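Undergrad: Quick one: structure below, then a few questions.
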Amino acid sequence: MNSTMNILRKELREMLTKSTILPVIFLAILFGAMGGMIGGVEEQAAQPPTVGLINDDGGDMSLLAVETVSKYAEVVYNGSDVEDALAAVDDDGGVAVLQIPANFTESIYADEPGTIRVYWIMKGTGLLDSISSTAVENVLWYVNRDISMTLIEMNSTTNASFALTPTARDETTILGDREMDGVSPGEIGSLLSTQSLMMPIVIMMLIMAAGGTVISSMGMEKENKTLETLLTLPVKRGSIVTGKLAASAVVGLVMAAIYMVGMSYYMGSLGASSNLDLAEFGLTLSALDYAIVGASLFITLLAALALCMVLGTFAKNYKSAQTLTMPIVIMAMIPMFLLMFKDFHTLPAAAQILVFAIPFSHPMMAMRGLMFDDYALVGGGLIYVTTFAVAMMAITVWIFKTDRLLTGRIGKGPMNGTLARIGGMGLFGKR
Amino acid sequence: MLTAMAAGHRRFETPNGVALDVRDLVKDYGKYHALKGVSFDVKEKEVFGLIGPNGAGKTTALRIISTILRITSGSVSMFGIDIAKEPHEARRILSYLPEDAGAYKNLSGNEYLQFIANFFSDDPKGVRDITSKGVAIANLADRMDDKVDTYSKGMARRLLVARALMIQPRVAILDELTSGLDVLNAQEIRRIVKKTSEAGTTVLLSSHNMLEVELMCDRIALINDGLIVELGTPKELKDRHDADNIEEVFTRVIT
């Protein structure tokens with residue numbers, strides 16, 4: 001055989017293994033699923049939005065506005081009570097209640113913009129959660145256009161600027177129990193982009209960096225043949241595990257701190273143009289909230305490291321340790337992407353279960369959760385992650401007390417194959 | 001003094017002068033039986049050799065006695081300590097040198113010995129004493145300040161032997177003691193092990209070098225297919241098999 005081909009075949013056999021191909025396939029499936037979900041949101045945006053309508057005016061301009069709204073939106077409430085309208089729209093999964101005030105037509109004929117009062121029902125704070133409100137914004141644009149055309153046809157005004165924008169908007173956004181005046185869901189989503197984008201990215205980076213460190217540490221112990229010596233020293237297994245976890249946590253936190261500084265400058269430059277302040281809408285965190293976010297981050301880091309330590313026991317050497325970080329990366333990427341685009345509460349039920357089950361999701365959700373007083377989600381997450389961390393640490397210590405670290409997968413599958421694999425790892429020595 | 005430090009305040013028993021008592025030791029890896037009922041004892045201060053062909057069960061036996069593999073059945077008593085019940089106590093008095101052991105590559109030789117010494121002494125003077133003893137055994141002069149990563153195979157082995165013996169353990173379990181060492185270095189290390197044994201350490205040695213085994217060991221056990229098939233002093237074994245040396249004994253017993 002040609003020498004180059006011979007080397008090519010050997011290299012391909014080494015590189016194209018299950019452990020290198022499976023994660024890529026999994027990632028492709030993951031992105032495909034998320035693409036499907038985003039596609040679903042786009043379809044939703046293309047459909048007529050569901051709204052409630054209250055016309056307190058009765059003038060011809062208000063009737064024109066009602067006609068336009070009815071043409072471009074699905075009106076599920078047409079009455080006079082705001083509370084009833086909000087309840088009806090919320091029940092139907094709608095996004096806004098449009099109220100045309102009594103002086104609407106009168107104002108327009110007086111060359112004053114007719115103000116439409118908009119009550120937004122915001123479902124979540126993810127980047128895609130405000131997509132539906134964009135559809136309502138379009139309906140309002142059509143209302144403005146139709147009234148403008150009518151005014152121009154009627155020659156009822158000589159003010160060109162007013163003729164083009166005869167309507168104005170007075171907005172209130174309702175998110176959970178919170179009512180925020182003078183702001184739209186899009187603006188709220190934009191203000192919360194730091195929480196939507198930065199927190200998941202930082203947490204993913206932190207987990208990847210610290211997790212990679214602890215898995216590599218285990219791989220290096222095996223590759224450098226230091227593990228056997230370490231295990232015969234008079235040191236408790238719990239101390240070995242704690243020492244390794246603590247060191248990786250420190251490394252991870254230092255890396256995350258450096259990363260966060262860079263990211264905050266980056267995000268700060270993006271958000272510098274905004275003239276709105278989250279504090280104006282009561283969207284701030286108290287000292288206790290920050291402590292809870294910190295606790296969530298720390299416990300999650302411990303849980304991630306303990307999980308990585310369990311995975312690290314499978315590492316045969318440094319190279320295989322690198323491959324073993326892939327499940328952690330995937331586990332961190334799932335909530336990162338999902339929570340970046342959607343709020344936990346607006347995710348489908350299956351995705352909610354998945355996101356809750358992945359411990360890394362909880363610090364990603366904690367800041368937004370606390371901002372909107374969602375203590376049940378944050379508290380439940382904290383309890384879950386703590387339980388997960390304790391269980392993982394217990395499993396790690398247990399593994400350190402068994403033969404697993406040295407004998408790998410022995411005892412499972414056909415013996416010959418298993419022994420051959422272990423022999424290949426050099427774990428049995430010369431037995 | 002160092003032995004006492006390693007041992008702590010516990011009183012150790014040596015019934016009939018036996019330091020290590022291995023009884024009916026069985027180790028199964030699933031359906032594979034690595035050890036099928038190994039029994040032998042090692043007397044205090046004795047240098048005991050465990051020899052056998054590849055895959056006979058030597059390293060498995062050494063790893064079990066070193067407390068890093070669990071026993072399927074049988075027992076190992078080390079100075080009266082049941083190692084299955086009190087592995088942590090056993091680890092205070094034993095030192096294991098695996099055949100293909102390594103040291104932390106980012107540490108210097110000195111730092112590595114100090115790292116290990118810290119597990120055996122709580123006070124700085126004790127750590128210094130243990131480390132100086134290790135430095136003397138390793139005999140690597142200026143290279144002790146260099147990272148282990150830069151060491152040759154022989155230098156790394158000397159450092160690891162120093163690590164194993166510097167604490168003057170009650171039991172030293174040495175797998176392929178002189179692996180990777182040249183003749184002169186190997187002779188010196190053997191001398192050091194002999195001296196350590198005379199000072200009170202019981203040595204369990206495994207080697208494929210039959211000359212080394214014959215030179216060093218007071219008694220030898222030959223293990224094959226997970227069972228002890230011969231046991232005695234080098235002279236007894238040679239007489240029993242009418243052989244000139246242990247290599248001949250090995251060949252006659254195994255083939």
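Just remember, in the structure tokens the first chain shown is A, the second B, etc., residues are 1-based per chain, and ligands are 1-based in the order shown.
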Write out as a list of chain:residue names the set of residues from segment 168-315 of chain A that DSSP, computed on the backbone, places in strand (DSSP E).
TA: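 Restricting segment 168-315 of chain A to strand (DSSP E) produces A:Ala168, A:Arg169, A:Asp170, A:Glu171, A:Thr172, A:Thr173, A:Ile174, A:Leu175, A:Arg178, A:Glu179, A:Met180, A:Asp181.
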Undergrad: Keeping N, CA and C atoms for every residue in the selection just given, could you write it to a file as a JSON list (two decimals), in the first residue's frame?
TA:
```
[["chain", "number", "residue", "atom", "x", "y", "z"],
["A", 168, "ALA", "N", -50.71, 58.05, 18.35],
["A", 168, "ALA", "CA", -49.61, 57.88, 19.32],
["A", 168, "ALA", "C", -49.97, 56.70, 20.22],
["A", 169, "ARG", "N", -49.02, 56.31, 21.02],
["A", 169, "ARG", "CA", -49.22, 55.11, 21.84],
["A", 169, "ARG", "C", -48.92, 55.42, 23.30],
["A", 170, "ASP", "N", -49.72, 54.88, 24.19],
["A", 170, "ASP", "CA", -49.44, 54.99, 25.62],
["A", 170, "ASP", "C", -49.39, 53.54, 26.10],
["A", 171, "GLU", "N", -48.21, 53.10, 26.58],
["A", 171, "GLU", "CA", -48.03, 51.66, 26.82],
["A", 171, "GLU", "C", -47.90, 51.30, 28.29],
["A", 172, "THR", "N", -48.41, 50.14, 28.61],
["A", 172, "THR", "CA", -48.15, 49.54, 29.92],
["A", 172, "THR", "C", -47.85, 48.06, 29.66],
["A", 173, "THR", "N", -46.71, 47.61, 30.17],
["A", 173, "THR", "CA", -46.36, 46.19, 29.98],
["A", 173, "THR", "C", -46.61, 45.45, 31.28],
["A", 174, "ILE", "N", -47.34, 44.35, 31.16],
["A", 174, "ILE", "CA", -47.66, 43.54, 32.34],
["A", 174, "ILE", "C", -46.88, 42.24, 32.25],
["A", 175, "LEU", "N", -46.02, 42.02, 33.23],
["A", 175, "LEU", "CA", -45.22, 40.78, 33.26],
["A", 175, "LEU", "C", -45.40, 40.18, 34.64],
["A", 178, "ARG", "N", -46.24, 42.32, 37.76],
["A", 178, "ARG", "CA", -45.62, 43.65, 37.64],
["A", 178, "ARG", "C", -46.20, 44.44, 36.47],
["A", 179, "GLU", "N", -46.55, 45.70, 36.73],
["A", 179, "GLU", "CA", -47.02, 46.58, 35.65],
["A", 179, "GLU", "C", -45.99, 47.67, 35.44],
["A", 180, "MET", "N", -45.54, 47.80, 34.19],
["A", 180, "MET", "CA", -44.50, 48.80, 33.90],
["A", 180, "MET", "C", -45.04, 49.78, 32.87],
["A", 181, "ASP", "N", -45.16, 51.04, 33.29],
["A", 181, "ASP", "CA", -45.75, 52.06, 32.41],
["A", 181, "ASP", "C", -44.69, 52.65, 31.47]]
```
Undergrad: Chain B residues within 6 Å of chain A, counting only C-alpha atoms: which ones, as a PyMOL selection string?
TA: chain B and resi 29-30+54-55+57-60+69+88+91-92+101-103
Undergrad: Could you check which of A:Ala87, A:Ala366, A:Ala96, A:Ala389 is closest to Ala306 of chain A, using only C-alpha atoms?
TA: A:Ala389
Undergrad: I'd like the interatomic distance between atom CA of Ala257 of chain A and atom CA of Leu206 of chain A, to a tenth of an Å.
TA: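 One can read the atom CA of Ala257 of chain A to atom CA of Leu206 of chain A distance as 8.9 Å.
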Undergrad: Contacts of Met144 of chain B at 8 Å or less, counting only C-alpha atoms, minus same-chain residues fewer than 2 places along, as an MDAnalysis selection string?
TA: chainID B and resid 108:110 135 140:142 146:147
Undergrad: List the neighbours of Ile130 of chain B out to 7 Å using only C-alpha atoms; skip same-chain residues closer than 4 positions along the sequence, and give me the result as a list in words.
TA: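 Skipping anything fewer than 4 positions along the chain leaves Ala117, Gly126, Gly134, Met166 and Ile167 of chain B.
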Undergrad: Restricting the output to C-alpha atoms, write the selected residues as a tab-separated table (two decimals), in the first residue's frame.
TA:
```
chain	number	residue	atom	x	y	z
B	117	ALA	CA	6.39	14.17	53.19
B	126	GLY	CA	9.39	16.32	60.47
B	134	GLY	CA	14.59	11.39	50.31
B	166	MET	CA	12.24	8.15	52.76
B	167	ILE	CA	9.41	7.67	55.26
```
Undergrad: Determine which residues of segment 171-224 of chain B DSSP labels as helix (DSSP H, G or I) from the backbone of this structure, then write them out as a list of chain:residue names.
TA: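 Answer for segment 171-224 of chain B, restricted to helix (DSSP H, G or I): B:Val183, B:Leu184, B:Asn185, B:Ala186, B:Gln187, B:Glu188, B:Ile189, B:Arg190, B:Arg191, B:Ile192, B:Val193, B:Lys194, B:Lys195, B:Thr196, B:Ser197, B:Glu198, B:Met210, B:Leu211, B:Glu212, B:Val213, B:Glu214, B:Leu215, B:Met216.
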Undergrad: Okay, now the selection with N, CA and C atoms, as a tab-separated table (two decimals), in the first residue's frame?
TA:
```tsv
chain	number	residue	atom	x	y	z
B	183	VAL	N	23.17	-0.50	35.56
B	183	VAL	CA	23.71	-1.48	36.51
B	183	VAL	C	24.19	-0.80	37.80
B	184	LEU	N	24.93	0.29	37.65
B	184	LEU	CA	25.51	0.95	38.84
B	184	LEU	C	24.41	1.54	39.72
B	185	ASN	N	23.47	2.22	39.08
B	185	ASN	CA	22.36	2.80	39.84
B	185	ASN	C	21.52	1.71	40.50
B	186	ALA	N	21.31	0.61	39.76
B	186	ALA	CA	20.51	-0.49	40.29
B	186	ALA	C	21.18	-1.08	41.53
B	187	GLN	N	22.51	-1.24	41.47
B	187	GLN	CA	23.25	-1.79	42.62
B	187	GLN	C	23.09	-0.89	43.84
B	188	GLU	N	23.20	0.41	43.61
B	188	GLU	CA	23.10	1.35	44.73
B	188	GLU	C	21.71	1.32	45.35
B	189	ILE	N	20.70	1.24	44.50
B	189	ILE	CA	19.32	1.22	45.01
B	189	ILE	C	19.09	-0.07	45.82
B	190	ARG	N	19.61	-1.17	45.32
B	190	ARG	CA	19.46	-2.44	46.06
B	190	ARG	C	20.11	-2.32	47.44
B	191	ARG	N	21.29	-1.69	47.46
B	191	ARG	CA	21.99	-1.50	48.73
B	191	ARG	C	21.13	-0.68	49.69
B	192	ILE	N	20.52	0.36	49.16
B	192	ILE	CA	19.69	1.24	50.00
B	192	ILE	C	18.49	0.46	50.55
B	193	VAL	N	17.88	-0.36	49.70
B	193	VAL	CA	16.72	-1.15	50.15
B	193	VAL	C	17.14	-2.12	51.24
B	194	LYS	N	18.29	-2.74	51.07
B	194	LYS	CA	18.79	-3.69	52.08
B	194	LYS	C	19.00	-2.97	53.42
B	195	LYS	N	19.61	-1.78	53.33
B	195	LYS	CA	19.86	-1.01	54.56
B	195	LYS	C	18.54	-0.62	55.22
B	196	THR	N	17.56	-0.23	54.38
B	196	THR	CA	16.25	0.16	54.90
B	196	THR	C	15.61	-1.03	55.62
B	197	SER	N	15.77	-2.21	55.03
B	197	SER	CA	15.21	-3.42	55.63
B	197	SER	C	15.88	-3.71	56.98
B	198	GLU	N	17.21	-3.58	57.00
B	198	GLU	CA	17.94	-3.83	58.25
B	198	GLU	C	17.52	-2.84	59.35
B	210	MET	N	15.72	-12.06	37.87
B	210	MET	CA	15.91	-13.17	38.82
B	210	MET	C	17.19	-13.02	39.63
B	211	LEU	N	18.19	-12.36	39.03
B	211	LEU	CA	19.44	-12.13	39.76
B	211	LEU	C	19.17	-11.19	40.93
B	212	GLU	N	18.38	-10.17	40.66
B	212	GLU	CA	18.03	-9.20	41.70
B	212	GLU	C	17.28	-9.90	42.84
B	213	VAL	N	16.35	-10.75	42.47
B	213	VAL	CA	15.55	-11.46	43.47
B	213	VAL	C	16.45	-12.35	44.32
B	214	GLU	N	17.35	-13.08	43.65
B	214	GLU	CA	18.23	-14.00	44.37
B	214	GLU	C	19.17	-13.25	45.30
B	215	LEU	N	19.64	-12.08	44.81
B	215	LEU	CA	20.58	-11.29	45.62
B	215	LEU	C	19.91	-10.68	46.83
B	216	MET	N	18.68	-10.25	46.67
B	216	MET	CA	18.05	-9.43	47.70
B	216	MET	C	17.14	-10.18	48.67
```
Undergrad: Grab the atom CA of Thr150 of chain B to atom CA of Leu62 of chain B distance for me, in Å with one decimal place.
TA: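 Interatomic distance, atom CA of Thr150 of chain B to atom CA of Leu62 of chain B: 29.3 Å.
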